[in-house]
Amino acid sequence: MPIPKKSPKPTEAEYDILQILWAHGSATVRAVHEHLFKKKPSQYTTTLKLMQVMAEKGLLKRDETNRSHVYHPQITRAEAEQQIAGHILNRVFGGSARSLLLGALGAKRASRKELAELRELIDEHERGRKR
């Protein structure tokens with residue numbers, strides 16, 4: 001199955017599965033389900049169906065060489081975070097990066113170190129635009 005050029009934005013449940021796979025590299029449905037079940041009880045068949053849909057969408061790749069199919073993430077954490085941030089930026093903050101940042105800073109107090117890192121990231125971003 002060819003991987004789409006741009007994967008769809010993962011849903012919340014799909015993101016939970018991706019986090020497990022990013023941490024472990026790859027896993028069977030059973031292993032993913034056991035991790036999910038610790039946080040929120042659900043049926044094995046629900047996890048199976050979700051992972052099958054994710055494979056169809058290009059978010060996961062299924063290795064069928066063994067009896068138990070092993071799934072691998074086809075989208076990086078950074079790609080997913082950027083897609084989700086872009087969605088929130090447009091849907092909730094009207095496309096305003098300023099409003100998004102102010103909302104994030106208002107929701108949780110940032111440490112001096114985090115603020116310094118944000119300043120540096122903004123400076124780097126600004127320097128990249130001037131080139």
# chains A, B, ... in the order shown; residues from 1 in each chain; ligands from 1

$ residues_around --residues "Ala78 of chain A" --least-positions-apart "5" --cutoff "12 Å" --atoms "only C-alpha atoms" --output "list in words"
Leu18, Gln19, Trp22, Gln83, Ile84 and Ala85 of chain A

$ residues_around --residues "Ile75 of chain A" --least-positions-apart "6" --cutoff "9 Å" --atoms "only C-alpha atoms" --output "PDB file with N, CA and C atoms, in the first residue's frame"
ATOM      1  N   SER A   7       0.159  12.448   5.412  1.00  0.00           N
ATOM      2  CA  SER A   7      -0.751  11.623   6.183  1.00  0.00           C
ATOM      3  C   SER A   7      -1.838  12.480   6.801  1.00  0.00           C
ATOM      4  N   LEU A  18      -0.286   5.880  18.364  1.00  0.00           N
ATOM      5  CA  LEU A  18       1.000   6.320  17.825  1.00  0.00           C
ATOM      6  C   LEU A  18       2.024   6.552  18.934  1.00  0.00           C
ATOM      7  N   GLY A  58      -2.642   5.222   6.096  1.00  0.00           N
ATOM      8  CA  GLY A  58      -1.221   5.489   5.913  1.00  0.00           C
ATOM      9  C   GLY A  58      -0.503   5.945   7.164  1.00  0.00           C
ATOM     10  N   LEU A  59      -1.166   5.882   8.310  1.00  0.00           N
ATOM     11  CA  LEU A  59      -0.526   6.266   9.570  1.00  0.00           C
ATOM     12  C   LEU A  59       0.339   5.137  10.124  1.00  0.00           C
ATOM     13  N   LEU A  60      -0.026   3.889   9.803  1.00  0.00           N
ATOM     14  CA  LEU A  60       0.720   2.718  10.246  1.00  0.00           C
ATOM     15  C   LEU A  60       1.017   1.824   9.054  1.00  0.00           C
TER      16      LEU A  60
END

$ residues_around --residues "His72 of chain A" --least-positions-apart "6" --cutoff "8 Å" --atoms "only C-alpha atoms" --output "PyMOL selection string"
chain A and resi 21+25-27+60-63

$ residues_around --residues "Leu118 of chain A" --least-positions-apart "6" --cutoff "12 Å" --atoms "only C-alpha atoms" --output "PyMOL selection string"
chain A and resi 101+104-105+110-112+124-125

$ write_last_selection --atoms "N, CA and C atoms" --output "PDB file, in the first residue's frame"
ATOM      1  N   LEU A 101       0.205  31.006  21.256  1.00  0.00           N
ATOM      2  CA  LEU A 101       1.272  31.069  22.254  1.00  0.00           C
ATOM      3  C   LEU A 101       0.779  31.675  23.567  1.00  0.00           C
ATOM      4  N   ALA A 104      -1.318  29.113  25.328  1.00  0.00           N
ATOM      5  CA  ALA A 104      -0.496  28.075  25.945  1.00  0.00           C
ATOM      6  C   ALA A 104       0.187  28.596  27.207  1.00  0.00           C
ATOM      7  N   LEU A 105       0.728  29.813  27.136  1.00  0.00           N
ATOM      8  CA  LEU A 105       1.400  30.387  28.301  1.00  0.00           C
ATOM      9  C   LEU A 105       0.420  30.697  29.425  1.00  0.00           C
ATOM     10  N   ALA A 110       5.150  28.808  32.487  1.00  0.00           N
ATOM     11  CA  ALA A 110       6.401  28.342  31.887  1.00  0.00           C
ATOM     12  C   ALA A 110       7.572  28.710  32.798  1.00  0.00           C
ATOM     13  N   SER A 111       8.552  27.819  32.856  1.00  0.00           N
ATOM     14  CA  SER A 111       9.760  28.085  33.650  1.00  0.00           C
ATOM     15  C   SER A 111      10.627  29.103  32.902  1.00  0.00           C
ATOM     16  N   ARG A 112      11.589  29.667  33.609  1.00  0.00           N
ATOM     17  CA  ARG A 112      12.524  30.604  32.973  1.00  0.00           C
ATOM     18  C   ARG A 112      13.262  29.914  31.823  1.00  0.00           C
ATOM     19  N   GLU A 124      15.457  31.972  16.023  1.00  0.00           N
ATOM     20  CA  GLU A 124      15.883  31.077  14.943  1.00  0.00           C
ATOM     21  C   GLU A 124      14.880  31.099  13.792  1.00  0.00           C
ATOM     22  N   HIS A 125      13.614  31.063  14.140  1.00  0.00           N
ATOM     23  CA  HIS A 125      12.560  31.092  13.117  1.00  0.00           C
ATOM     24  C   HIS A 125      12.626  32.390  12.318  1.00  0.00           C
TER      25      HIS A 125
END

$ residues_around --residues "segment 29-46 of chain A" --least-positions-apart "4" --cutoff "8 Å" --atoms "only C-alpha atoms" --output "list in words"
Asp16, Ile17, Ile20, Leu21, Leu50, Met51, His69, Val70 and Tyr71 of chain A

$ write_last_selection --atoms "C-alpha atoms" --output "mmCIF file, in the first residue's frame"
data_model
loop_
_atom_site.group_PDB
_atom_site.id
_atom_site.type_symbol
_atom_site.label_atom_id
_atom_site.label_comp_id
_atom_site.auth_asym_id
_atom_site.auth_seq_id
_atom_site.Cartn_x
_atom_site.Cartn_y
_atom_site.Cartn_z
ATOM 1 C CA ASP A 16 -2.685 7.412 21.741
ATOM 2 C CA ILE A 17 -1.742 4.393 19.616
ATOM 3 C CA ILE A 20 2.852 3.704 22.143
ATOM 4 C CA LEU A 21 4.415 2.792 18.809
ATOM 5 C CA LEU A 50 -8.509 1.303 14.910
ATOM 6 C CA MET A 51 -5.086 0.013 13.912
ATOM 7 C CA HIS A 69 0.886 -8.841 12.590
ATOM 8 C CA VAL A 70 3.320 -6.165 13.726
ATOM 9 C CA TYR A 71 2.507 -2.493 13.184
#

$ select_by_dssp --residues "chain A" --states "helix (DSSP H, G or I)" --output "PyMOL selection string"
chain A and resi 12-24+29-39+44-57+77-93+97-107+112-130

$ select_by_dssp --residues "chain A" --states "strand (DSSP E)" --output "ChimeraX atom specification"
/A:27-28,60-63,70-73

$ atom_distance --atom1 "atom CA of Thr47 of chain A" --atom2 "atom CA of Glu81 of chain A"
21.8 Å

$ atom_distance --atom1 "atom CA of Met54 of chain A" --atom2 "atom CA of Glu14 of chain A"
7.3 Å

$ decode --residues "segment 6-120 of chain A" --atoms "C-alpha atoms" --output "PDB file, in the first residue's frame"
ATOM      1  CA  LYS A   6       0.799  13.857   3.560  1.00  0.00           C
ATOM      2  CA  SER A   7      -0.751  11.623   6.183  1.00  0.00           C
ATOM      3  CA  PRO A   8      -4.091  12.631   7.640  1.00  0.00           C
ATOM      4  CA  LYS A   9      -4.182  14.278  11.052  1.00  0.00           C
ATOM      5  CA  PRO A  10      -4.505  11.530  13.667  1.00  0.00           C
ATOM      6  CA  THR A  11      -7.582  11.478  15.880  1.00  0.00           C
ATOM      7  CA  GLU A  12      -7.131  11.486  19.663  1.00  0.00           C
ATOM      8  CA  ALA A  13      -7.461   7.688  19.843  1.00  0.00           C
ATOM      9  CA  GLU A  14      -5.046   7.259  16.932  1.00  0.00           C
ATOM     10  CA  TYR A  15      -2.570   9.599  18.605  1.00  0.00           C
ATOM     11  CA  ASP A  16      -2.685   7.412  21.741  1.00  0.00           C
ATOM     12  CA  ILE A  17      -1.742   4.393  19.616  1.00  0.00           C
ATOM     13  CA  LEU A  18       1.000   6.320  17.825  1.00  0.00           C
ATOM     14  CA  GLN A  19       2.539   7.361  21.156  1.00  0.00           C
ATOM     15  CA  ILE A  20       2.852   3.704  22.143  1.00  0.00           C
ATOM     16  CA  LEU A  21       4.415   2.792  18.809  1.00  0.00           C
ATOM     17  CA  TRP A  22       6.829   5.761  18.910  1.00  0.00           C
ATOM     18  CA  ALA A  23       7.976   4.584  22.337  1.00  0.00           C
ATOM     19  CA  HIS A  24       8.395   0.948  21.256  1.00  0.00           C
ATOM     20  CA  GLY A  25       9.196   1.267  17.535  1.00  0.00           C
ATOM     21  CA  SER A  26       6.692  -1.410  16.560  1.00  0.00           C
ATOM     22  CA  ALA A  27       4.217  -3.699  18.275  1.00  0.00           C
ATOM     23  CA  THR A  28       1.411  -6.183  17.812  1.00  0.00           C
ATOM     24  CA  VAL A  29      -2.217  -5.214  18.345  1.00  0.00           C
ATOM     25  CA  ARG A  30      -2.175  -7.235  21.591  1.00  0.00           C
ATOM     26  CA  ALA A  31       0.796  -5.262  22.975  1.00  0.00           C
ATOM     27  CA  VAL A  32      -0.741  -1.907  22.003  1.00  0.00           C
ATOM     28  CA  HIS A  33      -4.082  -2.936  23.501  1.00  0.00           C
ATOM     29  CA  GLU A  34      -2.434  -3.891  26.808  1.00  0.00           C
ATOM     30  CA  HIS A  35      -0.834  -0.437  27.058  1.00  0.00           C
ATOM     31  CA  LEU A  36      -4.095   1.324  26.183  1.00  0.00           C
ATOM     32  CA  PHE A  37      -6.119  -0.822  28.584  1.00  0.00           C
ATOM     33  CA  LYS A  38      -4.004   0.380  31.538  1.00  0.00           C
ATOM     34  CA  LYS A  39      -5.237   3.935  30.951  1.00  0.00           C
ATOM     35  CA  LYS A  40      -8.722   3.322  29.593  1.00  0.00           C
ATOM     36  CA  PRO A  41     -10.405  -0.080  29.489  1.00  0.00           C
ATOM     37  CA  SER A  42     -11.648  -1.043  26.028  1.00  0.00           C
ATOM     38  CA  GLN A  43     -12.217  -4.077  23.840  1.00  0.00           C
ATOM     39  CA  TYR A  44      -9.356  -5.739  21.948  1.00  0.00           C
ATOM     40  CA  THR A  45     -11.459  -5.633  18.786  1.00  0.00           C
ATOM     41  CA  THR A  46     -11.719  -1.835  19.087  1.00  0.00           C
ATOM     42  CA  THR A  47      -7.923  -1.525  19.146  1.00  0.00           C
ATOM     43  CA  LEU A  48      -7.642  -3.964  16.235  1.00  0.00           C
ATOM     44  CA  LYS A  49     -10.138  -2.051  14.107  1.00  0.00           C
ATOM     45  CA  LEU A  50      -8.509   1.303  14.910  1.00  0.00           C
ATOM     46  CA  MET A  51      -5.086   0.013  13.912  1.00  0.00           C
ATOM     47  CA  GLN A  52      -6.482  -1.495  10.683  1.00  0.00           C
ATOM     48  CA  VAL A  53      -8.057   1.860   9.799  1.00  0.00           C
ATOM     49  CA  MET A  54      -4.796   3.644  10.642  1.00  0.00           C
ATOM     50  CA  ALA A  55      -2.959   1.309   8.246  1.00  0.00           C
ATOM     51  CA  GLU A  56      -5.495   2.094   5.511  1.00  0.00           C
ATOM     52  CA  LYS A  57      -5.005   5.824   6.146  1.00  0.00           C
ATOM     53  CA  GLY A  58      -1.221   5.489   5.913  1.00  0.00           C
ATOM     54  CA  LEU A  59      -0.526   6.266   9.570  1.00  0.00           C
ATOM     55  CA  LEU A  60       0.720   2.718  10.246  1.00  0.00           C
ATOM     56  CA  LYS A  61       2.344  -0.026   8.235  1.00  0.00           C
ATOM     57  CA  ARG A  62       1.408  -3.647   8.926  1.00  0.00           C
ATOM     58  CA  ASP A  63       4.056  -6.384   8.683  1.00  0.00           C
ATOM     59  CA  GLU A  64       2.214  -9.622   7.913  1.00  0.00           C
ATOM     60  CA  THR A  65       5.235 -11.931   7.737  1.00  0.00           C
ATOM     61  CA  ASN A  66       4.544 -13.478  11.164  1.00  0.00           C
ATOM     62  CA  ARG A  67       1.378 -14.989  12.573  1.00  0.00           C
ATOM     63  CA  SER A  68       0.853 -11.924  14.766  1.00  0.00           C
ATOM     64  CA  HIS A  69       0.886  -8.841  12.590  1.00  0.00           C
ATOM     65  CA  VAL A  70       3.320  -6.165  13.726  1.00  0.00           C
ATOM     66  CA  TYR A  71       2.507  -2.493  13.184  1.00  0.00           C
ATOM     67  CA  HIS A  72       5.035   0.310  12.620  1.00  0.00           C
ATOM     68  CA  PRO A  73       4.322   4.062  12.678  1.00  0.00           C
ATOM     69  CA  GLN A  74       4.465   5.731   9.250  1.00  0.00           C
ATOM     70  CA  ILE A  75       4.325   9.269  10.632  1.00  0.00           C
ATOM     71  CA  THR A  76       6.875  10.791  12.991  1.00  0.00           C
ATOM     72  CA  ARG A  77       5.999  12.403  16.288  1.00  0.00           C
ATOM     73  CA  ALA A  78       7.163  15.769  14.899  1.00  0.00           C
ATOM     74  CA  GLU A  79       4.896  15.430  11.835  1.00  0.00           C
ATOM     75  CA  ALA A  80       1.890  14.566  14.004  1.00  0.00           C
ATOM     76  CA  GLU A  81       2.592  17.405  16.438  1.00  0.00           C
ATOM     77  CA  GLN A  82       2.897  19.884  13.568  1.00  0.00           C
ATOM     78  CA  GLN A  83      -0.369  18.702  12.002  1.00  0.00           C
ATOM     79  CA  ILE A  84      -2.231  18.883  15.314  1.00  0.00           C
ATOM     80  CA  ALA A  85      -0.753  22.289  16.179  1.00  0.00           C
ATOM     81  CA  GLY A  86      -1.708  23.592  12.730  1.00  0.00           C
ATOM     82  CA  HIS A  87      -5.241  22.285  13.181  1.00  0.00           C
ATOM     83  CA  ILE A  88      -5.576  23.905  16.617  1.00  0.00           C
ATOM     84  CA  LEU A  89      -3.962  27.114  15.359  1.00  0.00           C
ATOM     85  CA  ASN A  90      -6.516  27.463  12.569  1.00  0.00           C
ATOM     86  CA  ARG A  91      -9.605  26.029  14.259  1.00  0.00           C
ATOM     87  CA  VAL A  92      -9.284  27.525  17.735  1.00  0.00           C
ATOM     88  CA  PHE A  93      -7.006  30.553  17.361  1.00  0.00           C
ATOM     89  CA  GLY A  94      -8.092  31.845  13.948  1.00  0.00           C
ATOM     90  CA  GLY A  95      -4.646  31.252  12.468  1.00  0.00           C
ATOM     91  CA  SER A  96      -2.933  33.544  14.985  1.00  0.00           C
ATOM     92  CA  ALA A  97       0.354  32.126  16.291  1.00  0.00           C
ATOM     93  CA  ARG A  98       0.389  34.942  18.855  1.00  0.00           C
ATOM     94  CA  SER A  99      -2.992  33.893  20.266  1.00  0.00           C
ATOM     95  CA  LEU A 100      -1.909  30.248  20.344  1.00  0.00           C
ATOM     96  CA  LEU A 101       1.272  31.069  22.254  1.00  0.00           C
ATOM     97  CA  LEU A 102      -0.547  33.368  24.690  1.00  0.00           C
ATOM     98  CA  GLY A 103      -3.177  30.679  25.232  1.00  0.00           C
ATOM     99  CA  ALA A 104      -0.496  28.075  25.945  1.00  0.00           C
ATOM    100  CA  LEU A 105       1.400  30.387  28.301  1.00  0.00           C
ATOM    101  CA  GLY A 106      -1.824  31.302  30.092  1.00  0.00           C
ATOM    102  CA  ALA A 107      -2.817  27.658  30.533  1.00  0.00           C
ATOM    103  CA  LYS A 108       0.415  26.594  32.227  1.00  0.00           C
ATOM    104  CA  ARG A 109       3.141  28.665  33.832  1.00  0.00           C
ATOM    105  CA  ALA A 110       6.401  28.342  31.887  1.00  0.00           C
ATOM    106  CA  SER A 111       9.760  28.085  33.650  1.00  0.00           C
ATOM    107  CA  ARG A 112      12.524  30.604  32.973  1.00  0.00           C
ATOM    108  CA  LYS A 113      14.333  27.910  30.999  1.00  0.00           C
ATOM    109  CA  GLU A 114      11.273  27.231  28.823  1.00  0.00           C
ATOM    110  CA  LEU A 115      10.797  30.945  28.175  1.00  0.00           C
ATOM    111  CA  ALA A 116      14.465  31.291  27.185  1.00  0.00           C
ATOM    112  CA  GLU A 117      14.106  28.309  24.835  1.00  0.00           C
ATOM    113  CA  LEU A 118      10.971  29.850  23.288  1.00  0.00           C
ATOM    114  CA  ARG A 119      12.800  33.142  22.728  1.00  0.00           C
ATOM    115  CA  GLU A 120      15.659  31.279  21.031  1.00  0.00           C
TER     116      GLU A 120
END
